[in-house]
Structure formats: C-alpha cells, structure tokens
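What's in input_11.cif: mmCIF, C-alpha atoms
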```
data_entry
loop_
_atom_site.label_atom_id
_atom_site.label_comp_id
_atom_site.auth_asym_id
_atom_site.auth_seq_id
_atom_site.Cartn_x
_atom_site.Cartn_y
_atom_site.Cartn_z
CA MET A 25 204.47 -131.38 -115.05
CA THR A 26 206.24 -133.54 -112.50
CA CYS A 27 203.46 -134.21 -109.97
CA GLU A 28 201.73 -137.54 -110.63
CA ARG A 29 198.34 -136.28 -109.44
CA THR A 30 197.65 -133.86 -112.29
CA HIS A 31 194.94 -136.17 -113.72
CA GLU A 32 193.11 -135.91 -110.42
CA ILE A 33 193.29 -132.13 -110.64
CA HIS A 34 191.49 -132.24 -114.00
CA ARG A 35 188.83 -134.58 -112.57
CA TYR A 36 188.47 -132.35 -109.53
CA HIS A 37 188.05 -129.31 -111.74
CA ASP A 38 185.42 -131.11 -113.84
CA GLY A 39 183.46 -132.31 -110.80
CA GLU A 40 184.18 -135.95 -111.58
CA LEU A 41 185.36 -137.00 -108.10
CA SER A 42 183.50 -138.44 -105.14
CA PRO A 43 183.36 -136.30 -101.96
CA THR A 44 186.14 -138.36 -100.37
CA GLU A 45 188.37 -137.98 -103.41
CA ARG A 46 187.65 -134.27 -103.50
CA SER A 47 188.80 -133.84 -99.91
CA ALA A 48 192.00 -135.75 -100.65
CA VAL A 49 192.74 -133.53 -103.68
CA GLU A 50 192.01 -130.35 -101.73
CA SER A 51 194.53 -131.42 -99.06
CA HIS A 52 197.09 -132.20 -101.77
CA VAL A 53 196.60 -128.87 -103.52
CA THR A 54 197.40 -126.90 -100.35
CA ALA A 55 200.76 -128.68 -100.20
CA CYS A 56 201.64 -128.90 -103.94
CA ALA A 57 202.45 -125.61 -105.68
CA GLU A 58 202.47 -127.23 -109.12
CA CYS A 59 198.95 -128.63 -108.75
CA ARG A 60 197.77 -125.36 -107.24
CA ARG A 61 199.00 -123.52 -110.29
CA LEU A 62 197.45 -126.10 -112.62
CA LEU A 63 194.09 -125.79 -110.90
CA ALA A 64 194.23 -122.00 -111.12
CA GLU A 65 194.99 -122.17 -114.84
CA LEU A 66 192.21 -124.70 -115.49
CA ARG A 67 189.78 -122.38 -113.74
CA GLY A 68 191.13 -119.45 -115.75
CA LEU A 69 190.69 -121.37 -118.99
CA SER A 70 187.11 -122.40 -118.17
CA LEU A 71 186.29 -118.83 -117.12
CA LEU A 72 187.79 -117.43 -120.33
CA ILE A 73 185.74 -119.80 -122.48
CA SER A 74 182.52 -119.26 -120.48
CA ARG A 75 182.81 -115.49 -120.97
CA MET A 76 183.00 -115.78 -124.71
CA PRO A 77 179.83 -114.83 -126.55
CA ARG A 78 177.67 -117.82 -127.36
CA THR A 79 176.72 -118.30 -130.96
CA VAL A 80 173.03 -117.68 -131.54
CA LEU A 81 171.24 -119.52 -134.29
CA PRO A 82 169.85 -116.90 -136.69
CA GLU A 83 166.12 -117.24 -137.42
CA VAL A 84 166.76 -117.41 -141.16
CA VAL A 85 169.08 -120.39 -140.64
CA LEU A 86 166.46 -122.06 -138.42
CA ARG A 87 163.94 -121.69 -141.23
CA ARG A 88 166.37 -123.13 -143.77
CA LEU A 89 167.06 -126.08 -141.48
CA SER A 90 163.31 -126.72 -141.12
CA GLU A 91 163.09 -126.87 -144.89
CA CYS A 92 166.21 -128.98 -145.45
CA ARG A 93 163.93 -132.01 -145.51
CA HIS A 94 162.84 -131.09 -149.05
CA ALA A 95 166.39 -130.36 -150.15
CA ALA A 96 167.48 -133.75 -148.85
CA THR A 97 164.68 -135.48 -150.76
CA ASP A 98 165.62 -133.61 -153.95
CA ARG A 99 169.26 -134.55 -153.47
CA ALA A 100 168.31 -138.20 -152.98
CA VAL A 101 166.25 -138.20 -156.19
CA LEU A 102 169.12 -136.59 -158.11
CA ARG A 103 171.57 -139.09 -156.65
CA ILE A 104 169.40 -142.04 -157.69
CA ALA A 105 168.98 -140.52 -161.18
CA GLY A 106 172.75 -140.13 -161.39
CA TRP A 107 173.32 -143.76 -160.41
CA MET A 108 170.78 -144.96 -162.96
CA THR A 109 172.39 -142.88 -165.73
CA ALA A 110 175.81 -144.23 -164.83
CA ALA A 111 174.48 -147.81 -164.81
CA ALA A 112 172.83 -147.35 -168.22
CA ALA A 113 176.05 -145.91 -169.65
CA ALA A 114 178.05 -148.82 -168.24
CA VAL A 115 175.68 -151.38 -169.80
CA LEU A 116 175.86 -149.59 -173.18
CA ILE A 117 179.66 -149.42 -173.15
CA GLY A 118 179.86 -153.07 -172.09
CA ALA A 119 177.57 -154.14 -174.94
CA LEU A 120 179.62 -152.18 -177.48
CA LEU A 121 182.87 -153.71 -176.25
CA ILE A 122 181.45 -157.23 -176.57
CA ARG A 123 180.16 -156.62 -180.10
CA GLN A 124 183.18 -154.73 -181.50
CA PRO A 125 186.60 -156.38 -182.17
CA VAL A 126 189.61 -154.52 -180.88
CA VAL A 127 191.08 -152.46 -183.73
CA GLY A 128 194.86 -152.61 -184.00
CA GLY A 129 195.23 -154.63 -180.80
CA GLU A 130 195.92 -158.29 -180.15
CA THR A 131 192.75 -160.28 -179.89
CA ASN A 132 191.57 -163.88 -180.07
CA HIS A 133 188.74 -162.84 -182.35
CA ARG A 134 188.20 -165.35 -185.16
CA PRO A 135 187.27 -163.57 -188.44
CA SER A 136 183.80 -164.28 -189.74
CA VAL A 137 183.19 -165.58 -193.29
CA TRP A 138 182.42 -162.18 -194.78
CA GLU A 139 185.65 -160.75 -193.37
CA THR A 140 187.71 -163.57 -194.95
CA VAL A 141 186.05 -163.11 -198.33
CA ALA A 142 186.52 -159.38 -198.22
CA VAL A 143 190.29 -159.52 -197.82
CA THR A 144 191.00 -162.52 -200.12
CA PRO A 145 192.37 -161.48 -203.61
CA THR A 146 189.93 -162.33 -206.38
CA PRO A 147 191.22 -164.85 -208.99
CA PRO A 148 191.72 -163.26 -212.45
CA SER A 149 189.16 -165.52 -214.14
CA GLU A 150 186.46 -164.45 -211.69
CA ALA A 151 187.67 -160.88 -211.65
CA ALA A 152 186.63 -160.18 -215.24
CA ASP A 153 183.02 -160.18 -214.31
CA GLY A 154 183.53 -158.84 -210.88
CA PRO A 155 184.05 -155.43 -209.43
CA ASN A 156 187.76 -155.44 -210.50
CA SER A 157 186.92 -155.75 -214.20
CA GLU A 158 188.07 -152.18 -214.89
CA LEU A 159 191.45 -153.02 -213.48
CA VAL A 160 191.77 -156.10 -215.67
CA LEU A 161 190.72 -154.10 -218.72
CA ALA A 162 193.30 -151.44 -217.94
CA GLN A 163 195.99 -154.09 -217.58
CA TRP A 164 194.98 -155.63 -220.93
CA MET A 165 195.16 -152.23 -222.65
CA ALA A 166 198.57 -151.55 -221.19
CA ASP A 167 199.88 -154.89 -222.40
CA ASP A 168 198.43 -154.27 -225.87
CA LEU A 169 199.98 -150.82 -226.13
CA SER A 170 203.36 -152.04 -225.00
CA TRP A 171 203.17 -154.81 -227.65
CA GLN A 172 202.33 -152.21 -230.35
CA SER A 173 205.20 -150.00 -229.23
CA SER A 174 207.69 -152.82 -229.46
CA GLY A 175 206.32 -153.66 -232.99
CA ASP A 176 206.82 -150.04 -234.14
CA LEU A 177 210.37 -150.13 -232.95
CA ARG A 178 210.98 -153.19 -235.00
CA MET B 15 163.97 -142.54 -125.14
CA ALA B 16 160.71 -144.05 -126.40
CA ASP B 17 159.65 -140.56 -127.50
CA ASP B 18 162.92 -140.18 -129.37
CA ILE B 19 162.44 -143.46 -131.19
CA GLU B 20 158.86 -142.55 -132.12
CA LEU B 21 159.92 -139.09 -133.30
CA ALA B 22 162.74 -140.53 -135.43
CA ARG B 23 160.36 -143.15 -136.85
CA LEU B 24 157.83 -140.49 -137.87
CA ILE B 25 160.56 -138.39 -139.47
CA ALA B 26 161.92 -141.36 -141.41
CA ARG B 27 158.37 -141.98 -142.70
CA GLY B 28 158.28 -138.42 -144.06
CA ASP B 29 156.27 -136.65 -141.34
CA ALA B 30 157.07 -132.97 -141.93
CA ALA B 31 155.59 -131.82 -138.60
CA ALA B 32 157.75 -134.30 -136.66
CA PHE B 33 160.82 -133.06 -138.50
CA ARG B 34 160.01 -129.46 -137.54
CA VAL B 35 159.60 -130.53 -133.91
CA LEU B 36 163.08 -132.03 -133.97
CA VAL B 37 164.62 -128.98 -135.64
CA ASP B 38 162.94 -126.61 -133.14
CA ARG B 39 164.10 -128.76 -130.25
CA GLU B 40 167.72 -129.45 -131.24
CA ALA B 41 168.85 -126.93 -133.87
CA ARG B 42 170.07 -124.25 -131.43
CA TYR B 43 172.03 -126.73 -129.36
CA LEU B 44 173.60 -128.42 -132.38
CA TYR B 45 174.37 -125.12 -134.08
CA GLY B 46 176.28 -123.91 -131.00
CA ILE B 47 178.48 -126.99 -131.09
CA ALA B 48 178.83 -126.90 -134.88
CA HIS B 49 179.85 -123.25 -134.87
CA ALA B 50 182.47 -123.84 -132.19
CA LEU B 51 183.85 -126.85 -134.06
CA ALA B 52 183.76 -125.37 -137.56
CA GLY B 53 184.63 -121.80 -136.68
CA ASN B 54 182.26 -120.20 -139.17
CA ALA B 55 178.53 -119.89 -139.81
CA ALA B 56 178.39 -121.44 -143.29
CA GLU B 57 180.10 -124.68 -142.32
CA ALA B 58 178.12 -124.80 -139.07
CA GLU B 59 174.84 -124.64 -140.99
CA ASP B 60 175.99 -127.36 -143.41
CA LEU B 61 177.02 -129.59 -140.51
CA VAL B 62 173.69 -129.21 -138.72
CA GLN B 63 171.78 -129.79 -141.93
CA GLU B 64 173.73 -132.98 -142.70
CA THR B 65 173.10 -134.14 -139.15
CA PHE B 66 169.34 -133.70 -139.49
CA VAL B 67 169.39 -135.43 -142.87
CA ALA B 68 170.80 -138.53 -141.12
CA VAL B 69 167.53 -138.74 -139.15
CA LEU B 70 165.59 -138.62 -142.41
CA ALA B 71 167.52 -141.65 -143.57
CA GLY B 72 166.10 -143.53 -140.57
CA ARG B 73 169.41 -144.59 -139.06
CA PHE B 74 168.51 -143.88 -135.40
CA ARG B 75 168.30 -147.16 -133.44
CA GLY B 76 167.55 -145.77 -129.97
CA GLU B 77 170.82 -146.95 -128.40
CA SER B 78 171.28 -143.51 -126.85
CA SER B 79 169.17 -140.37 -126.63
CA LEU B 80 168.42 -138.71 -129.95
CA ARG B 81 170.42 -135.65 -128.88
CA THR B 82 173.51 -137.71 -128.03
CA TRP B 83 173.20 -139.54 -131.34
CA LEU B 84 172.89 -136.25 -133.23
CA VAL B 85 175.96 -134.85 -131.44
CA GLN B 86 177.85 -138.00 -132.36
CA ILE B 87 177.05 -137.53 -136.06
CA LEU B 88 177.80 -133.81 -135.92
CA VAL B 89 181.18 -134.25 -134.23
CA ARG B 90 182.17 -137.03 -136.62
CA ARG B 91 181.31 -134.93 -139.66
CA ALA B 92 183.02 -131.88 -138.23
CA GLY B 93 186.09 -134.01 -137.57
CA MET B 94 186.20 -135.19 -141.17
CA LEU B 95 185.81 -131.62 -142.35
CA ARG B 96 188.51 -130.19 -140.09
CA ARG B 97 190.96 -133.09 -140.30
CA SER B 98 191.88 -132.28 -143.89
CA ALA B 99 192.37 -128.62 -142.99
CA TRP B 100 194.43 -129.63 -139.94
CA ARG B 101 196.65 -131.96 -142.03
CA ARG B 102 197.19 -129.15 -144.54
CA ARG B 103 198.35 -126.85 -141.74
CA VAL B 104 200.69 -129.44 -140.23
CA ARG B 105 202.13 -130.22 -143.67
CA THR B 106 202.72 -126.53 -144.30
CA SER B 107 204.46 -126.31 -140.94
CA LEU B 108 206.68 -129.33 -141.70
CA ASP B 109 207.54 -127.92 -145.11
CA GLY B 110 208.90 -124.82 -143.41
CA GLY B 111 205.92 -122.63 -144.20
CA GLN B 112 204.07 -120.51 -141.69
CA THR B 113 200.97 -121.77 -139.96
CA ASP B 114 198.35 -119.32 -138.80
CA HIS B 115 198.81 -120.16 -135.14
CA PRO B 116 201.95 -122.14 -134.38
CA ALA B 117 201.26 -124.27 -131.30
CA THR B 118 204.49 -123.29 -129.60
CA GLU B 119 203.80 -119.57 -129.69
CA VAL B 120 202.32 -118.07 -126.53
CA ALA B 121 199.51 -115.60 -127.21
CA THR B 122 198.93 -112.70 -124.87
CA PRO B 123 196.19 -110.07 -125.06
CA SER B 124 198.54 -107.27 -126.13
CA GLN B 125 200.31 -109.49 -128.65
CA THR B 126 197.39 -110.58 -130.76
CA LEU B 127 194.17 -108.70 -130.38
CA GLY B 128 194.91 -105.72 -128.21
CA THR B 129 194.44 -105.55 -124.45
CA GLU B 130 190.76 -104.72 -124.57
CA ALA B 131 189.97 -107.20 -127.32
CA ARG B 132 188.44 -110.53 -126.45
CA LEU B 133 189.55 -113.80 -127.88
CA ASP B 134 186.98 -115.66 -129.81
CA LEU B 135 186.44 -119.37 -129.32
CA ALA B 136 187.18 -120.27 -132.92
CA THR B 137 190.59 -118.59 -132.65
CA MET B 138 191.35 -120.46 -129.44
CA LEU B 139 190.37 -123.80 -130.91
CA GLU B 140 192.52 -123.29 -134.01
CA CYS B 141 195.55 -124.66 -132.18
CA LEU B 142 193.82 -127.99 -131.52
CA SER B 143 193.36 -131.15 -133.55
CA PRO B 144 189.73 -132.09 -134.41
CA GLU B 145 189.62 -134.69 -131.59
CA HIS B 146 190.90 -132.25 -128.99
CA ARG B 147 188.64 -129.51 -130.27
CA ALA B 148 185.59 -131.76 -129.84
CA VAL B 149 186.30 -132.60 -126.20
CA ILE B 150 186.94 -128.96 -125.30
CA VAL B 151 183.67 -127.85 -126.91
CA LEU B 152 181.61 -130.62 -125.31
CA ARG B 153 183.16 -130.13 -121.85
CA GLU B 154 183.88 -126.42 -121.61
CA VAL B 155 181.09 -125.04 -123.78
CA GLU B 156 178.29 -127.59 -123.40
CA GLY B 157 179.20 -128.88 -119.94
CA LEU B 158 178.93 -132.60 -120.72
CA THR B 159 180.28 -135.09 -118.17
CA TYR B 160 183.05 -137.54 -119.07
CA GLU B 161 180.47 -140.31 -119.46
CA GLU B 162 178.27 -138.22 -121.73
CA MET B 163 181.26 -137.26 -123.86
CA ALA B 164 182.38 -140.89 -124.10
CA GLU B 165 178.91 -141.84 -125.31
CA ALA B 166 178.67 -138.97 -127.77
CA LEU B 167 182.11 -139.55 -129.26
CA GLY B 168 181.97 -143.34 -129.09
CA VAL B 169 185.31 -143.72 -127.27
CA PRO B 170 186.23 -145.00 -123.78
CA ARG B 171 186.14 -142.64 -120.82
CA GLY B 172 189.93 -142.93 -120.43
CA THR B 173 190.40 -141.65 -123.99
CA ILE B 174 188.15 -138.69 -123.21
CA GLU B 175 190.22 -137.82 -120.13
CA SER B 176 193.50 -138.13 -121.96
CA ARG B 177 192.29 -135.99 -124.90
CA LEU B 178 190.88 -133.40 -122.53
CA HIS B 179 194.13 -133.12 -120.60
CA ARG B 180 196.24 -132.81 -123.73
CA ALA B 181 193.89 -130.26 -125.26
CA ARG B 182 193.95 -128.16 -122.10
CA GLU B 183 197.71 -128.46 -121.91
CA ALA B 184 198.00 -127.06 -125.45
CA MET B 185 195.58 -124.23 -124.66
CA ARG B 186 197.25 -123.40 -121.36
CA LYS B 187 200.62 -123.12 -123.09
CA ARG B 188 199.29 -120.99 -125.90
CA PHE B 189 196.93 -118.73 -123.96
CA ARG B 190 198.80 -118.47 -120.68
CA GLY B 191 198.77 -114.70 -121.06
CA TYR B 192 194.97 -114.72 -120.83
CA LEU B 193 194.77 -116.99 -117.81
CA GLN B 194 196.36 -114.69 -115.23
#
```

Give the structure from this file in structure tokens form.
Amino acid sequence: MTCERTHEIHRYHDGELSPTERSAVESHVTACAECRRLLAELRGLSLLISRMPRTVLPEVVLRRLSECRHAATDRAVLRIAGWMTAAAAAVLIGALLIRQPVVGGETNHRPSVWETVAVTPTPPSEAADGPNSELVLAQWMADDLSWQSSGDLR
Amino acid sequence: MADDIELARLIARGDAAAFRVLVDREARYLYGIAHALAGNAAEAEDLVQETFVAVLAGRFRGESSLRTWLVQILVRRAGMLRRSAWRRRVRTSLDGGQTDHPATEVATPSQTLGTEARLDLATMLECLSPEHRAVIVLREVEGLTYEEMAEALGVPRGTIESRLHRAREAMRKRFRGYLQ
C-alpha cells in the first residue's frame, strides 16, 4: 500500500468517522484507485464473515454452564485439600530433615554421647565382662592352643 | 452498571438463581465469541465456563459493564490457550516443517474447499495470531466499536486500530480469491 490514507479507509469502513471526515474520504476514494480497491476488499471481507453461519449455543451446553457453579465449588474444595496435603507433607519432611543427620555427607553435626560410646573400642579389662567376652575367650583359646603346639614340636 | 454490580455480588455470595440469570443472559453471546476464537465446541465451552467461574470468585469491581468484563476475561484466556498453539505452528514453520495454513499462500474457493463450499470462520482465523483473531471477532462478528474493543481488551484505541488493519491485511492477502 502506498497511499497514506489507508487508515482512514478502515475507519470509514468501520463507521468511526465524523460526517465531515466521511465526506473527505468519499472524495478521496473517487480519485484514488488503491483506496477504492482497499475499500471494496474490506467490504468483501466483512460480507464474507457476516454470511458465515453463526455458532448456536446447544441447550445441553447451556445446562452444563448453569451447573458449572457446583463444579467450580468442588474444584475449589479439591484445590484447598491439595494445598493442605502438600503443606502437611512439607512440614513432615522438614521435621525429619531437622531430626536426622545427613548420612554419608558433610555435616556440622556434633555426635551425641551415645554415638561416641558406641564407636569407641572397649578396653580389654572391661571387655571380659562385656558383650565382647566371647571374642576375648576365643583369643585366649587360640593363644593357648598355639602354645601347646609349639610345646609338642619341642 | 449498578444492576451488574448487584448481580455479581449475589453470585459471589453463592446465590444460585443469580448465577442462572447471568448464564441465561450472557452465555450465548460469550459462546459465539469463544467458538470463533477457539475454533471448536469443546474449547469454547471450557472458555465460557472458566469465564463464569471468575464471577463466582467475586473479582468484578464494576469498572466496566459485566459483559465487557466477561469478554475481557474470555479473550485473555482464549489468547493464552491459542498462543501456545500459534507458537508451535510458527516454530514448525521456522524449522522447515509444513504449517496447516501458511500465511503467504492465497486461498481461493476452487483451491481449498471447492467452488460451492463455504469457508468457515475458524479456518479463516487460523492464519491470525491470537491478538489479531480477537479484534477480527469483536469487530467483524460482534460489531463492537473501536472504543468498546479497547475497553474489552484493555489496550489503547490506537493499538486496536493497528491490530485490526494488520489482521485484515493478512486476511485480504490470504482470502483474496473469496473477496471478488
């Protein structure tokens, strides 16, 4: 389009001009072939669209729309329930993370007393009466047997 | 306007009868726009339903008529829905794939649907972006003025004019064969 008045042609076609402006455009259109063609095509386009069948709202859809109020309420309830479930899960996970040390990862967690005791080797004197007494007994028997073996060899 | 505010207030408070009044009054109008924008019945119904649900949430402030406000919501939602589909089509086109209706191709009656066949609006609007589609539907189908469209779409009047001209330019190029 080379004519600078094409915007006015659209406004003219859409009935958006004052009577004075309309007269000015009508005079221009008689002299400008480009705008005349544009106006004819705009009218053709509007005519084409206006002749197309209009969509009619089916009665069944109208009924569904009238009832969508209940569906919306149900959806809102479900959404709130979903949020509450997610919040509860987040609180639970958060609590577990605070209580549990990170396994295998670097952490600033200071071991508690029972953890220190659990991993500290038990002194032999205490071990005899403790839970490792079987181990001490086995060691003693091994030493005794090895002593007997060396005596037999002599 | 006062009636609109009262109606919206009753609906937000859960008045079922008021909601039915609104649906009876506006559903046909909104469905016509929704169908033209979406191009199919299922999406049109969803769009209208979502639009009515916005009234239930009590978001109407009475700054425009209830109908204009509903159209605004409907067009915005339709735009969101179609924009992703539009981007997919453009991306396909840029990747060298085929789009359904390349914008540069000129359609004529004998070329696409047969001489006696009539174009349908959804097919015509396929060549337009969601913004251009909205202005064509509101102007050419619903007959809104520039001011009414500006209010419904929440953009300046100049933007409406520019979108309308570009949309018509695209349609004139593509459907020139039908405009003789």

Which residues fall under the PyMOL selection byres ((chain A and resi 71-81) around 10) in this file, as a VMD selection string?
-> (chain A and resid 65 to 70 82 to 86) or (chain B and resid 41 to 50 55 58 to 59 132 to 135 138 150 to 151 154 to 156 189 192 to 193)

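The gap separating CA of Ala26 (chain B) from CA of Ala71 (chain B) is 6.0 Å, in Å to one decimal.
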
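Among the candidates B:Gly157, B:Gly72, B:Gly93, B:Pro170, the residue lying nearest to chain A is B:Gly157 (atoms considered: all atoms listed in the file).
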
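Taking CA of Cys27 (chain A) and CA of Leu167 (chain B) as the two end points, the separation is 29.3 Å.
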
What's the 10 Å shell around Arg87 (chain A), counting all atoms listed in the file, without same-chain residues fewer than 6 positions away, as a list in words?
-> Arg34, Val37 and Asp38 of chain B

So which residues get picked by the PyMOL selection byres ((chain B and resi 84) around 10) here, written as a list of chain:residue names?
-> B:Glu40, B:Leu44, B:Val62, B:Thr65, B:Phe66, B:Ala68, B:Val69, B:Phe74, B:Ser78, B:Ser79, B:Leu80, B:Arg81, B:Thr82, B:Trp83, B:Val85, B:Gln86, B:Ile87, B:Leu88, B:Val89, B:Arg90, B:Ala166

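Closest approach to chain B from the set A:Cys92, A:Ile33, A:Leu41, A:Val49 is made by A:Cys92, with distances taken over only C-alpha atoms.
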
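Taking CA of Arg93 (chain A) and CA of Asp29 (chain B) as the two end points, the separation is 9.9 Å.
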
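In terms of minimum interatomic distance to chain B, A:Ser90 ranks closest within A:Thr44, A:Thr30, A:Ser90, A:Gln163, counting all atoms listed in the file.
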
May I have the residues within 8 Å of Arg147 (chain B) as an MDAnalysis selection string, using all atoms listed in the file and disregarding those fewer than 4 positions away in the same chain?
-> chainID B and resid 51 139 142:143 151 181

Residues near Ile19 (chain B), cut-off 10 Å, only C-alpha atoms, skip fewer than 2 positions along chain, as an MDAnalysis selection string = chainID B and resid 15:17 21:25 74:80
